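Chemist: Below is a structure I'd like to ask you about.
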Amino acid sequence: MLEQERNIAAWFYLAPALILLAIFIFYPIFNSFVLVALEDYNYLQQTYDGFTLTGNFRNVLNDPNFGQAMLNTMLITFVSVPVSVIIALLISVWLNAIPIQKIQGFFQTVFFLPYVTNAIAIGMAFAFMFNRRYGLINWFLGLFGIDPINWINMGASYGNAMITLLIYITWLTLAFKIIVFLSGLQGIDKQYYEAARVDSASRARILRRITVPLLSPMIMYITVTSFIGAFKTYTEVIGMFGERLGPPGDPNSMTTIVALVYDALDRSGVPGAMSEAAAAALILFAITLVFTFVNMQVSKKRVHYG
Amino acid sequence: MEITLQNLTKVFQSKKEDEVVAVDNLDIVIPSGKLYGLLGPSGCGKSTTLFMISGLLKPTEGKIYFGEEDVTPVPPEDRGIGLVFQNYALYPHMTVKQNIMFPLENLKIDKKEGLKKAQEIADLVGIGHLMDRKPAQLSGGQQQRCAIARALVKEPRVLLLDEPLSNLDARLRLQTREEIRRIQRETGITTVFVTHDQEEAMSISDEIVVLDEGVTQQVGQPQDVYDKPNNLFVAKFLGTPPINLFDGRIENGKIMIGDAYIGKSEAEDQEVTVGIRPEGFKIVERSSFQVEVEFVETIGRDTTLIINHPNVEVQGSFEDPEEEGDVTTVEDTEFEALNLEMGSGKSIQDQKTFRAIVDADYGVQPGDTVKFSVKPHKMHVFNKETGELV
Amino acid sequence: MQNVENVEELYEDEQKIRFKRRMRLALVYAVVIFFAIFIIIPFYWMVITAFKTETQVFMSPPMLWVNPVEWQWVNFSLALERAPFIRYLANTVLVAILSTAGTIITTILSGFAFARLNFKGRDVLFMILIATMMIPGEIFVVTNFLTITSFGWIEDQTFVEAVLAMTVPFMTSVFFLFFLRQAFKQIPDELYYAAKVDGKTDWQYLWGIMVPVALPTITTITILNAMNTWNAYVWPRLISQREEFQLVSNGLRDAFDDTAGRIMYHEQMAASIIVTVPLIIAFLILKKYIMRGVSRSGIKG
């Protein structure tokens with residue numbers, strides 16, 4: 001643009017947004033690093049007890065729940081994301097194959113419902129659904145002669161509770177993926193399919209060699225954002241298990257890294273808690289960064305743009 | 001492989017309950033090993049016919065035979081055809097080599113064998129050195145050759161091309177159409193291609209099929225169709241510059257334009273449209289056909305005289321569709337100002353003028369009065385109403 | 001060409017092909033319906049439980065269907081007795097309106113600057129903003145909590161302070177700025193020049209031309225932002241110091257905390273419905289915008 005610089009005017013327009021961003025985005029980024037370096041920071045009295053480079057990180061790592069949080073977060077991320085991506089892909093392909101637009105639209109709406117529902121509300125519904133005695137799932141399994149399973153009630157095993165959580169999270173996250181994949185599929189020029197038919201390709205081959213590669217930018221986007229989102233799992237756990245973060249009698253068994261942050265925040269009066277929260281958040285950030293970087297590298301080989 | 005189209009009809013039902021008859025009872029035999037051009041304006045049904053031959057469209061009525069076999073119910077993947085799309089439809093994420101080999105993979109051909117075939121065909125079309133590039137890295141002409149290679153690699157019985165030259169710039173078109181002919185000769189595959197450009201069709205086809213609104217207008221060798229058009233449509237469609245059309249009449253065995261005597265006819269008295277090819281005028285000393293020259297265009301070899309004449313029949317122009325556009329053959333003088341010069345060399349019927357191409361030696365100047373005689377074989381007389389040859 | 005027998009064979013072939021095609025279509029529908037049921041079941045369970053009596057809820061095997069005549073609408077009033085859900089709804093609506101209004105205004109203004117004005121450091125600044133999108137929200141939460149506290153909005157919290165604490169940090173969004181700038185950039189420069197020639201100021205151009213043209217994007221942003229507020233849990237929970245200040249999500253969770261014995265599922269589900277239904281209704285009405293916004297974010301991504 002060969003337009004003159006309008007610095008003053010620009011800054012006026014930017015001011016409201018920038019002020020808010022400065023206070024609530026930029027300052028916190030900077031402050032996290034400050035917090036993390038303080039020892040025994042007491043925010044109520046604005047006192048602290050010296051500096052530490054790794055002290056707060058060590059506190060987080062030594063937190064009795066840290067190992068569990070790490071394990072859970074990794075499980076949730078590396079199981080629910082691939083599973084939901086694959087299911088979403090299949091559903092989108094089949095959905096796209098429905099010839100009548102109105103019917104396809106109807107199903108689109110159905111599949112999108114989980115996106116607009118409250119994670120807490122529907123988490124509660126899931127929890128009751130998996131109730132050992134009164135839930136729908138065990139009744140259904142009973143039809144096949146399977147004994148009632150203790151999914152998430154008192155005394156439930158870690159494995160069962162985790163499986164239930166994974167099912168819930170997969171269910172919840174399908175919607176977004178399906179919509180993105182569907183719009184991607186609809187953007188693929190029909191002529192490629194016609195050419196492939198003329199080239200005698202079977203449906204399976206068309207899916208594998210034409211559809212998926214042409215869809216790969218979307219798949220990449222979904223995968224990256226889904227992984228990042230999965231690392232931040234917390235509200236979903238609250239929805240299903242409440243603040244206890246686990247079945248009755250087994251608190252914090254379903255805790256996640258983000259839960260650690262909020263745990264620390266709950267102890268805000270305690271000296272050093274804020275710094276721990278900051279440390280946990282930074283650890284989360286680091287994991288996300290590393291992972292996204294790895295993801296980008298992998299995708300370079302497999303994603304075809306254009 | 002001989003292609004036979006029998007009573008081929010395609011009717012489209014649009015949402016508003018009206019039907020469009022895209023192809024109306026086509027009966028054509030394309031002999032084995034020949035290069036046939038389906039020619040006609042936009043919307044004449046040529047692409048529809050091509051896609052029915054390919055199997056991507058099902059005919060409403062009629063049958064298609066490859067040789068003795070009725071392929072009408074056979075899906076495209078089993079017909080053994082090669083199809084080159086107008087936009088090439090090259091898989092953007094695969095290399096040239098992978099694109100060409102894709103059909104072979106589907107036909108379960110051994111990989112080494114397939115690689116050999118792919119290289120052979122790529123060399124044949126002239127892109128053998130580009131095997132590892134992706135389509136986006138190729139020029140338009142190279143992309144097209146890749147599409148052709150992909151179609152040919154499975155040694156199809158029939159090769160189909162949808163407007164193969166329309167996406168290329170003018171310079172490339174000349175080159176590429178020769179390439180198509182060369183490739184067809186070398187492989188000997190029965191080939192059908194679709195185009196709206198009559199020059200293209202005429203230059204490389206063994207025979208052309210002229211279509212209008214789904215109906216066959218004329219089939220024959222290009223020169224024959226040009227020299228002996230069956231009806232007004234064919235006469236108008238072929239020829240650059242286009243044929244000149246005059247309001248005229250047949251009176252007592254004489255073909256008259258206004259007061260000028262043009263030639264003899266054995267038909268009965270009637271109102272006619274007289275079509276005279278630009279090259280059909282000869283300057284003579286004495287003739288009742290006398291005109292004043294308006295403009296003179298010299299291109300060295302020939303001189304084109306542009307002449308006003310009250311009897312010139314004004315018809316609309318054939319829009320040269322770079323995109324899919326509506327064609328209106330309009331017999332309405334109000335639409336004369338449709339100046340649709342589109343770079344393919346076609347020009348329009350200007351209002352009430354006609355073009356005569358004469359020898360430069362005559363040294364005609366604007367404002368001169370010239371007398372013409374008309375070469376009988378360059379003149380075609382059509383009934384005013386039906387457009388049929390008289 | 002063909003003798004009579006062959007014609008019949010060919011007819012059979014055609015039938016076979018048509019049959020295969022129909023089978024394939026049937027399979028597609030079967031699979032889609034199967035997954036659709038999988039999606040619907042939790043909703044169905046939520047609804048059916050909300051209309052049961054206490055006895056019916058604690059039945060094993062569970063009742064799968066309740067006669068509409070016997071639906072226990074009373075569960076909703078029971079739920080409302082447990083916790084002031086209407087209050088929560090109202091709070092949420094208020095917070096949603098305020099934060100969305102704030103976001104719209106700040107985004108429009110800054111979007112205008114980024115899309116239309118030429119100023120020093122523009123591109124660098126934009127890159128920095130994009131970079132912040134990659135940072136997990138938890139980093140901000142910690143400090144923001146401290147900041148809000150230092151504003152005095154936590155200590156002896158009044159309703160106004162609670163509302164402020166829940167809206168002010170969210171009165172701008174880089175995510176929405178990104179999209180709005182995109183939409184603004186699509187408006188041809190010529191329109192701006194023409195407006196200038198007509199003597200219009202930037203402000204008039206922004207509100208008179210750019211905003212109306214970008215209205216679909218703005219609508220989508222509004223809706224998505226409102227949805228986020230509705231489903232927000234962690235920040236409201238952190239901030240609200242009194243029960244009356246809660247929003248629907250954390251209000252719902254607190255109301256049915258199962259540490260105090262058995263959960264009254266029918267009430268809990270009724271409450272869940274109160275919380276979910278408004279959003280679902282909004283979705284059904286505005287579904288075009290919402291789905292388009294989501295899919296577009298995928299394409300840009």
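Chain labels follow the order of the structure tokens: the first chain is A, the next B, and so on; residue numbering restarts at 1 in every chain, and ligands are counted from 1 in their shown order.
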Excluding same-chain residues fewer than 2 positions from range 131-133 of chain C, what lies within 12 Å of it counting only C-alpha atoms, as a PyMOL selection string?
Modeler: (chain A and resi 21-22+24-30+225+228+285+289) or (chain C and resi 124-129+135-137+139-140+173-178)
Chemist: Next, write the just-selected residues to a file, as a PDB file, in the first residue's frame, keeping N, CA and C atoms as the atom set.
Modeler:
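After the write, selection_33.pdb holds the following:
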```pdb
ATOM      1  N   LEU A  21      -4.755  -6.180  26.120  1.00  0.00           N
ATOM      2  CA  LEU A  21      -3.786  -7.246  25.848  1.00  0.00           C
ATOM      3  C   LEU A  21      -2.542  -7.074  26.700  1.00  0.00           C
ATOM      4  N   ALA A  22      -2.132  -5.844  26.860  1.00  0.00           N
ATOM      5  CA  ALA A  22      -0.929  -5.608  27.652  1.00  0.00           C
ATOM      6  C   ALA A  22      -1.117  -6.091  29.078  1.00  0.00           C
ATOM      7  N   PHE A  24      -3.554  -8.208  30.254  1.00  0.00           N
ATOM      8  CA  PHE A  24      -3.995  -9.575  30.483  1.00  0.00           C
ATOM      9  C   PHE A  24      -3.300 -10.620  29.639  1.00  0.00           C
ATOM     10  N   ILE A  25      -2.449 -10.185  28.715  1.00  0.00           N
ATOM     11  CA  ILE A  25      -1.719 -11.175  27.927  1.00  0.00           C
ATOM     12  C   ILE A  25      -0.220 -10.971  28.068  1.00  0.00           C
ATOM     13  N   PHE A  26       0.251  -9.809  27.703  1.00  0.00           N
ATOM     14  CA  PHE A  26       1.698  -9.621  27.680  1.00  0.00           C
ATOM     15  C   PHE A  26       2.303  -9.624  29.075  1.00  0.00           C
ATOM     16  N   TYR A  27       1.670  -8.857  29.955  1.00  0.00           N
ATOM     17  CA  TYR A  27       2.186  -8.801  31.324  1.00  0.00           C
ATOM     18  C   TYR A  27       2.224 -10.185  31.973  1.00  0.00           C
ATOM     19  N   PRO A  28       1.126 -10.955  31.856  1.00  0.00           N
ATOM     20  CA  PRO A  28       1.186 -12.287  32.462  1.00  0.00           C
ATOM     21  C   PRO A  28       2.299 -13.166  31.915  1.00  0.00           C
ATOM     22  N   ILE A  29       2.574 -13.059  30.638  1.00  0.00           N
ATOM     23  CA  ILE A  29       3.652 -13.897  30.093  1.00  0.00           C
ATOM     24  C   ILE A  29       4.951 -13.559  30.816  1.00  0.00           C
ATOM     25  N   PHE A  30       5.196 -12.303  30.850  1.00  0.00           N
ATOM     26  CA  PHE A  30       6.407 -11.843  31.497  1.00  0.00           C
ATOM     27  C   PHE A  30       6.401 -12.203  32.984  1.00  0.00           C
ATOM     28  N   THR A 225      -4.043 -29.004  16.644  1.00  0.00           N
ATOM     29  CA  THR A 225      -4.898 -28.323  17.603  1.00  0.00           C
ATOM     30  C   THR A 225      -5.499 -29.303  18.596  1.00  0.00           C
ATOM     31  N   ILE A 228      -2.861 -30.085  21.214  1.00  0.00           N
ATOM     32  CA  ILE A 228      -2.693 -28.954  22.124  1.00  0.00           C
ATOM     33  C   ILE A 228      -3.868 -28.884  23.089  1.00  0.00           C
ATOM     34  N   PHE A 285       3.403 -25.423  28.998  1.00  0.00           N
ATOM     35  CA  PHE A 285       3.769 -24.684  27.798  1.00  0.00           C
ATOM     36  C   PHE A 285       4.937 -25.357  27.094  1.00  0.00           C
ATOM     37  N   LEU A 289       5.020 -26.863  23.344  1.00  0.00           N
ATOM     38  CA  LEU A 289       5.945 -26.381  22.336  1.00  0.00           C
ATOM     39  C   LEU A 289       6.729 -27.523  21.697  1.00  0.00           C
TER      40      LEU A 289
ATOM     41  N   VAL C 124       5.106  -6.555  12.492  1.00  0.00           N
ATOM     42  CA  VAL C 124       5.792  -7.178  13.627  1.00  0.00           C
ATOM     43  C   VAL C 124       4.819  -7.382  14.776  1.00  0.00           C
ATOM     44  N   LEU C 125       4.059  -6.335  15.062  1.00  0.00           N
ATOM     45  CA  LEU C 125       3.097  -6.421  16.157  1.00  0.00           C
ATOM     46  C   LEU C 125       2.098  -7.540  15.914  1.00  0.00           C
ATOM     47  N   PHE C 126       1.662  -7.642  14.670  1.00  0.00           N
ATOM     48  CA  PHE C 126       0.680  -8.680  14.369  1.00  0.00           C
ATOM     49  C   PHE C 126       1.263 -10.072  14.570  1.00  0.00           C
ATOM     50  N   MET C 127       2.488 -10.237  14.137  1.00  0.00           N
ATOM     51  CA  MET C 127       3.158 -11.529  14.339  1.00  0.00           C
ATOM     52  C   MET C 127       3.231 -11.874  15.817  1.00  0.00           C
ATOM     53  N   ILE C 128       3.577 -10.874  16.619  1.00  0.00           N
ATOM     54  CA  ILE C 128       3.668 -11.119  18.057  1.00  0.00           C
ATOM     55  C   ILE C 128       2.313 -11.572  18.592  1.00  0.00           C
ATOM     56  N   LEU C 129       1.269 -10.896  18.144  1.00  0.00           N
ATOM     57  CA  LEU C 129      -0.064 -11.264  18.629  1.00  0.00           C
ATOM     58  C   LEU C 129      -0.415 -12.698  18.235  1.00  0.00           C
ATOM     59  N   ILE C 135       0.091 -19.790  23.185  1.00  0.00           N
ATOM     60  CA  ILE C 135       0.429 -19.980  24.594  1.00  0.00           C
ATOM     61  C   ILE C 135      -0.799 -20.470  25.347  1.00  0.00           C
ATOM     62  N   PRO C 136      -0.646 -21.504  26.125  1.00  0.00           N
ATOM     63  CA  PRO C 136      -1.814 -22.035  26.836  1.00  0.00           C
ATOM     64  C   PRO C 136      -2.364 -21.018  27.826  1.00  0.00           C
ATOM     65  N   GLY C 137      -3.685 -21.003  27.947  1.00  0.00           N
ATOM     66  CA  GLY C 137      -4.351 -20.012  28.783  1.00  0.00           C
ATOM     67  C   GLY C 137      -3.925 -20.043  30.234  1.00  0.00           C
ATOM     68  N   ILE C 139      -1.158 -20.038  31.580  1.00  0.00           N
ATOM     69  CA  ILE C 139      -0.068 -19.098  31.875  1.00  0.00           C
ATOM     70  C   ILE C 139      -0.656 -17.748  32.275  1.00  0.00           C
ATOM     71  N   PHE C 140      -1.708 -17.366  31.533  1.00  0.00           N
ATOM     72  CA  PHE C 140      -2.294 -16.062  31.817  1.00  0.00           C
ATOM     73  C   PHE C 140      -3.093 -16.081  33.105  1.00  0.00           C
ATOM     74  N   SER C 173      -9.827 -10.334  22.051  1.00  0.00           N
ATOM     75  CA  SER C 173      -9.434 -11.695  21.688  1.00  0.00           C
ATOM     76  C   SER C 173      -8.582 -11.669  20.429  1.00  0.00           C
ATOM     77  N   VAL C 174      -7.398 -12.211  20.549  1.00  0.00           N
ATOM     78  CA  VAL C 174      -6.521 -12.222  19.381  1.00  0.00           C
ATOM     79  C   VAL C 174      -7.095 -13.135  18.305  1.00  0.00           C
ATOM     80  N   PHE C 175      -7.709 -14.205  18.746  1.00  0.00           N
ATOM     81  CA  PHE C 175      -8.304 -15.146  17.805  1.00  0.00           C
ATOM     82  C   PHE C 175      -9.297 -14.441  16.899  1.00  0.00           C
ATOM     83  N   PHE C 176     -10.206 -13.664  17.526  1.00  0.00           N
ATOM     84  CA  PHE C 176     -11.213 -12.985  16.728  1.00  0.00           C
ATOM     85  C   PHE C 176     -10.621 -11.829  15.943  1.00  0.00           C
ATOM     86  N   LEU C 177      -9.588 -11.218  16.482  1.00  0.00           N
ATOM     87  CA  LEU C 177      -8.913 -10.164  15.747  1.00  0.00           C
ATOM     88  C   LEU C 177      -8.363 -10.718  14.442  1.00  0.00           C
ATOM     89  N   PHE C 178      -7.786 -11.894  14.523  1.00  0.00           N
ATOM     90  CA  PHE C 178      -7.228 -12.540  13.342  1.00  0.00           C
ATOM     91  C   PHE C 178      -8.288 -12.685  12.256  1.00  0.00           C
TER      92      PHE C 178
END
```
Chemist: Please identify every residue of chain A that has at least one atom no farther than 7 Å from an atom of chain C, counting only C-alpha atoms, and for each give the shortest atom pair and the distance in Å to one decimal, arranged by chain then increasing number, as a tab-separated table.
Modeler:
```
residue	atom	partner	partner_atom	distance
A:Glu3	CA	C:Asn118	CA	6.7
A:Gln4	CA	C:Asn118	CA	6.7
A:Glu5	CA	C:Phe119	CA	5.0
A:Arg6	CA	C:Phe119	CA	5.5
A:Asn7	CA	C:Phe119	CA	4.8
A:Ala10	CA	C:Ala113	CA	5.4
A:Tyr13	CA	C:Leu109	CA	5.1
A:Leu14	CA	C:Ser110	CA	4.5
A:Pro16	CA	C:Thr106	CA	5.8
A:Ala17	CA	C:Thr106	CA	5.0
A:Leu20	CA	C:Thr172	CA	6.8
A:Phe24	CA	C:Pro169	CA	5.9
A:Ile25	CA	C:Phe140	CA	6.3
A:Pro28	CA	C:Thr143	CA	5.1
A:Ile29	CA	C:Phe140	CA	6.6
A:Asn31	CA	C:Thr143	CA	6.6
A:Ser32	CA	C:Ile139	CA	6.7
A:Ile91	CA	C:Val32	CA	6.7
A:Trp94	CA	C:Val28	CA	5.8
A:Leu95	CA	C:Val32	CA	6.6
A:Val110	CA	C:Ala36	CA	6.7
A:Phe111	CA	C:Ala36	CA	6.5
A:Val116	CA	C:Ile280	CA	6.5
A:Thr117	CA	C:Thr276	CA	5.9
A:Asn118	CA	C:Asn231	CA	5.2
A:Ile120	CA	C:Ser249	CA	6.3
A:Ala121	CA	C:Ser272	CA	4.8
A:Ala125	CA	C:Met46	CA	5.4
A:Phe126	CA	C:Pro42	CA	6.2
A:Arg133	CA	C:Ser60	CA	6.1
A:Tyr134	CA	C:Ser60	CA	5.2
A:Gly135	CA	C:Pro62	CA	6.7
A:Leu136	CA	C:Pro62	CA	6.7
A:Trp139	CA	C:Pro61	CA	6.0
A:Trp171	CA	C:Ile39	CA	7.0
A:Ile179	CA	C:Ser295	CA	5.9
A:Val180	CA	C:Ser295	CA	4.7
A:Ser183	CA	C:Ser295	CA	6.2
A:Met218	CA	C:Gly298	CA	6.6
A:Tyr221	CA	C:Gly301	CA	6.0
A:Thr235	CA	C:Tyr233	CA	6.9
A:Gly242	CA	C:Asp257	CA	6.7
A:Met274	CA	C:Val142	CA	6.9
A:Ala277	CA	C:Val142	CA	6.7
A:Ala278	CA	C:Val142	CA	6.3
A:Ala281	CA	C:Ile139	CA	5.2
A:Leu282	CA	C:Ile139	CA	6.7
A:Phe285	CA	C:Pro136	CA	6.3
```
Chemist: For the selection just defined, write its residues with N, CA and C atoms to a file, as a short mmCIF file (atom, residue, chain, number, x, y, z; two decimals), in the first residue's frame.
Modeler:
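Written out: selection-v7.cif:
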```cif
data_model
loop_
_atom_site.label_atom_id
_atom_site.label_comp_id
_atom_site.auth_asym_id
_atom_site.auth_seq_id
_atom_site.Cartn_x
_atom_site.Cartn_y
_atom_site.Cartn_z
N GLU A 3 0.33 3.98 0.94
CA GLU A 3 -0.32 5.00 1.75
C GLU A 3 0.64 5.50 2.79
N GLN A 4 0.41 6.71 3.16
CA GLN A 4 1.31 7.30 4.13
C GLN A 4 1.13 6.62 5.48
N GLU A 5 2.10 6.72 6.28
CA GLU A 5 2.03 6.16 7.61
C GLU A 5 1.11 6.99 8.47
N ARG A 6 0.21 6.29 9.16
CA ARG A 6 -0.74 7.00 9.98
C ARG A 6 -0.56 6.55 11.41
N ASN A 7 0.62 6.76 11.91
CA ASN A 7 0.95 6.20 13.22
C ASN A 7 0.01 6.63 14.32
N ALA A 10 -3.46 5.22 13.99
CA ALA A 10 -3.43 3.77 14.23
C ALA A 10 -3.41 3.47 15.72
N TYR A 13 -6.70 3.67 17.40
CA TYR A 13 -7.60 2.54 17.16
C TYR A 13 -7.14 1.30 17.90
N LEU A 14 -5.85 1.18 18.02
CA LEU A 14 -5.31 -0.02 18.66
C LEU A 14 -5.43 0.05 20.16
N PRO A 16 -7.56 0.52 22.76
CA PRO A 16 -8.38 -0.30 23.66
C PRO A 16 -7.90 -1.75 23.70
N ALA A 17 -7.74 -2.32 22.52
CA ALA A 17 -7.32 -3.72 22.47
C ALA A 17 -5.93 -3.89 23.08
N LEU A 20 -5.80 -3.73 26.94
CA LEU A 20 -6.28 -4.98 27.53
C LEU A 20 -5.27 -6.10 27.32
N PHE A 24 -3.55 -8.21 30.25
CA PHE A 24 -4.00 -9.58 30.48
C PHE A 24 -3.30 -10.62 29.64
N ILE A 25 -2.45 -10.18 28.71
CA ILE A 25 -1.72 -11.17 27.93
C ILE A 25 -0.22 -10.97 28.07
N PRO A 28 1.13 -10.95 31.86
CA PRO A 28 1.19 -12.29 32.46
C PRO A 28 2.30 -13.17 31.91
N ILE A 29 2.57 -13.06 30.64
CA ILE A 29 3.65 -13.90 30.09
C ILE A 29 4.95 -13.56 30.82
N ASN A 31 5.25 -11.98 33.59
CA ASN A 31 5.16 -12.19 35.03
C ASN A 31 5.32 -13.66 35.43
N SER A 32 4.91 -14.53 34.53
CA SER A 32 5.06 -15.96 34.86
C SER A 32 6.51 -16.28 35.15
N ILE A 91 -16.32 -40.93 9.71
CA ILE A 91 -17.68 -40.39 9.71
C ILE A 91 -17.82 -39.33 8.63
N TRP A 94 -18.12 -40.89 5.17
CA TRP A 94 -19.43 -41.47 4.95
C TRP A 94 -20.50 -40.41 4.88
N LEU A 95 -20.39 -39.42 5.72
CA LEU A 95 -21.36 -38.33 5.71
C LEU A 95 -21.35 -37.65 4.35
N VAL A 110 -26.67 -33.07 13.88
CA VAL A 110 -26.60 -34.04 14.96
C VAL A 110 -25.17 -34.21 15.45
N PHE A 111 -24.26 -34.40 14.50
CA PHE A 111 -22.88 -34.65 14.90
C PHE A 111 -22.24 -33.42 15.54
N VAL A 116 -21.67 -27.74 21.10
CA VAL A 116 -22.38 -26.63 21.73
C VAL A 116 -22.89 -27.00 23.11
N THR A 117 -22.54 -28.17 23.59
CA THR A 117 -23.02 -28.49 24.92
C THR A 117 -21.97 -28.19 25.96
N ASN A 118 -22.45 -27.96 27.12
CA ASN A 118 -21.65 -27.63 28.28
C ASN A 118 -20.92 -28.89 28.75
N ILE A 120 -19.56 -29.61 31.48
CA ILE A 120 -19.93 -30.05 32.83
C ILE A 120 -21.26 -30.81 32.78
N ALA A 121 -22.22 -30.20 32.13
CA ALA A 121 -23.56 -30.80 32.09
C ALA A 121 -23.52 -32.17 31.46
N ALA A 125 -24.02 -36.20 32.75
CA ALA A 125 -24.88 -37.20 32.11
C ALA A 125 -24.09 -38.47 31.83
N PHE A 126 -22.89 -38.31 31.33
CA PHE A 126 -22.04 -39.47 31.08
C PHE A 126 -21.77 -40.24 32.36
N ARG A 133 -24.84 -49.36 38.94
CA ARG A 133 -26.11 -50.05 39.15
C ARG A 133 -27.22 -49.52 38.27
N TYR A 134 -27.26 -48.20 38.09
CA TYR A 134 -28.43 -47.64 37.43
C TYR A 134 -28.14 -47.10 36.04
N GLY A 135 -26.96 -47.33 35.57
CA GLY A 135 -26.58 -46.69 34.32
C GLY A 135 -26.97 -47.48 33.08
N LEU A 136 -27.00 -46.76 31.99
CA LEU A 136 -27.42 -47.31 30.71
C LEU A 136 -26.40 -48.32 30.17
N TRP A 139 -26.50 -51.79 31.66
CA TRP A 139 -27.71 -52.48 31.23
C TRP A 139 -27.50 -53.04 29.83
N TRP A 171 -15.94 -38.64 22.54
CA TRP A 171 -17.29 -38.24 22.14
C TRP A 171 -17.38 -36.73 21.99
N ILE A 179 -16.72 -31.45 11.46
CA ILE A 179 -17.06 -30.27 10.67
C ILE A 179 -15.89 -29.83 9.81
N VAL A 180 -14.72 -29.80 10.38
CA VAL A 180 -13.57 -29.35 9.59
C VAL A 180 -13.27 -30.32 8.46
N SER A 183 -15.90 -30.03 5.64
CA SER A 183 -15.74 -28.90 4.74
C SER A 183 -14.51 -29.10 3.87
N MET A 218 -5.86 -30.36 6.33
CA MET A 218 -6.87 -30.32 7.38
C MET A 218 -6.53 -31.29 8.50
N TYR A 221 -3.91 -29.81 10.62
CA TYR A 221 -4.43 -28.75 11.49
C TYR A 221 -5.20 -29.34 12.66
N THR A 235 -11.44 -29.34 32.37
CA THR A 235 -12.87 -29.15 32.57
C THR A 235 -13.65 -30.44 32.35
N GLY A 242 -16.19 -34.31 39.02
CA GLY A 242 -16.28 -33.26 40.01
C GLY A 242 -14.89 -32.83 40.48
N MET A 274 1.52 -19.57 44.27
CA MET A 274 1.41 -18.88 42.98
C MET A 274 2.57 -19.25 42.07
N ALA A 277 2.05 -22.61 40.72
CA ALA A 277 1.08 -22.59 39.63
C ALA A 277 1.76 -22.13 38.34
N ALA A 278 2.55 -21.06 38.47
CA ALA A 278 3.24 -20.56 37.30
C ALA A 278 4.19 -21.61 36.74
N ALA A 281 2.26 -24.20 34.88
CA ALA A 281 1.80 -23.67 33.60
C ALA A 281 2.94 -23.63 32.59
N LEU A 282 4.12 -23.27 33.08
CA LEU A 282 5.26 -23.20 32.17
C LEU A 282 5.67 -24.59 31.69
N PHE A 285 3.40 -25.42 29.00
CA PHE A 285 3.77 -24.68 27.80
C PHE A 285 4.94 -25.36 27.09
#
```
Chemist: Any idea what the distance is between CA of Asn308 in chain B and CA of Lys352 in chain B?
Modeler: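 Result for CA of Asn308 in chain B versus CA of Lys352 in chain B: 5.7 Å, one decimal.
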Chemist: Would you kindly report the residues of chain B within 12 Å of chain A, using only C-alpha atoms, as a ChimeraX atom specification?
Modeler: /B:51,53-57,74-95,98-108,134-137,147-156,158-160
Chemist: Which parts of range 125-229 of chain B does DSSP call strand (DSSP E or B) when run on the backbone here, written out as a short mmCIF file (atom, residue, chain, number, x, y, z; two decimals) with C-alpha atoms, in the first residue's frame?
Modeler:
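So the final result, stored in part17.cif, reads:
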```cif
data_model
loop_
_atom_site.label_atom_id
_atom_site.label_comp_id
_atom_site.auth_asym_id
_atom_site.auth_seq_id
_atom_site.Cartn_x
_atom_site.Cartn_y
_atom_site.Cartn_z
CA VAL B 158 -10.61 -45.41 -26.83
CA LEU B 159 -9.06 -42.03 -26.03
CA LEU B 160 -11.31 -39.13 -25.15
CA LEU B 161 -10.25 -35.50 -24.86
CA ASP B 162 -12.45 -32.72 -23.48
CA THR B 190 -9.53 -44.44 -31.78
CA THR B 191 -9.72 -40.90 -30.49
CA VAL B 192 -12.61 -38.54 -29.98
CA PHE B 193 -12.10 -34.96 -28.91
CA VAL B 194 -14.46 -32.14 -28.16
CA THR B 195 -13.95 -28.51 -29.16
CA GLU B 207 -13.63 -36.42 -39.73
CA ILE B 208 -15.69 -33.90 -37.84
CA VAL B 209 -19.15 -34.17 -36.33
CA VAL B 210 -20.91 -30.83 -36.16
CA LEU B 211 -23.51 -30.60 -33.40
CA ASP B 212 -26.04 -27.99 -32.48
CA VAL B 215 -28.61 -32.73 -32.90
CA THR B 216 -26.09 -33.86 -35.48
CA GLN B 217 -25.82 -31.27 -38.19
CA GLN B 218 -23.28 -32.88 -40.43
CA VAL B 219 -20.58 -35.53 -40.37
CA GLY B 220 -17.70 -35.73 -42.75
#
```
Chemist: List every residue of chain B that has an atom at most 12 Å from any atom of chain C, giving for each one its closest atom pair and the distance in Å to one decimal, counting only C-alpha atoms, sorted by chain and then by ascending residue number, as a Markdown table.
Modeler:
```
| residue | atom | partner | partner_atom | distance |
| --- | --- | --- | --- | --- |
| B:Thr4 | CA | C:Met1 | CA | 10.8 |
| B:Gln6 | CA | C:Met1 | CA | 11.4 |
| B:Lys58 | CA | C:Glu14 | CA | 11.7 |
| B:Lys63 | CA | C:Met1 | CA | 11.4 |
| B:Ile64 | CA | C:Met1 | CA | 11.5 |
| B:Tyr65 | CA | C:Met1 | CA | 9.2 |
| B:Phe66 | CA | C:Met1 | CA | 11.2 |
| B:Gly67 | CA | C:Met1 | CA | 9.5 |
| B:Glu68 | CA | C:Met1 | CA | 6.4 |
| B:Glu69 | CA | C:Met1 | CA | 8.3 |
| B:Asp70 | CA | C:Gln2 | CA | 8.3 |
| B:Val71 | CA | C:Leu10 | CA | 9.4 |
| B:Thr72 | CA | C:Glu14 | CA | 9.1 |
| B:Pro73 | CA | C:Glu14 | CA | 5.6 |
| B:Val74 | CA | C:Glu14 | CA | 8.0 |
| B:Pro75 | CA | C:Ile17 | CA | 8.7 |
```
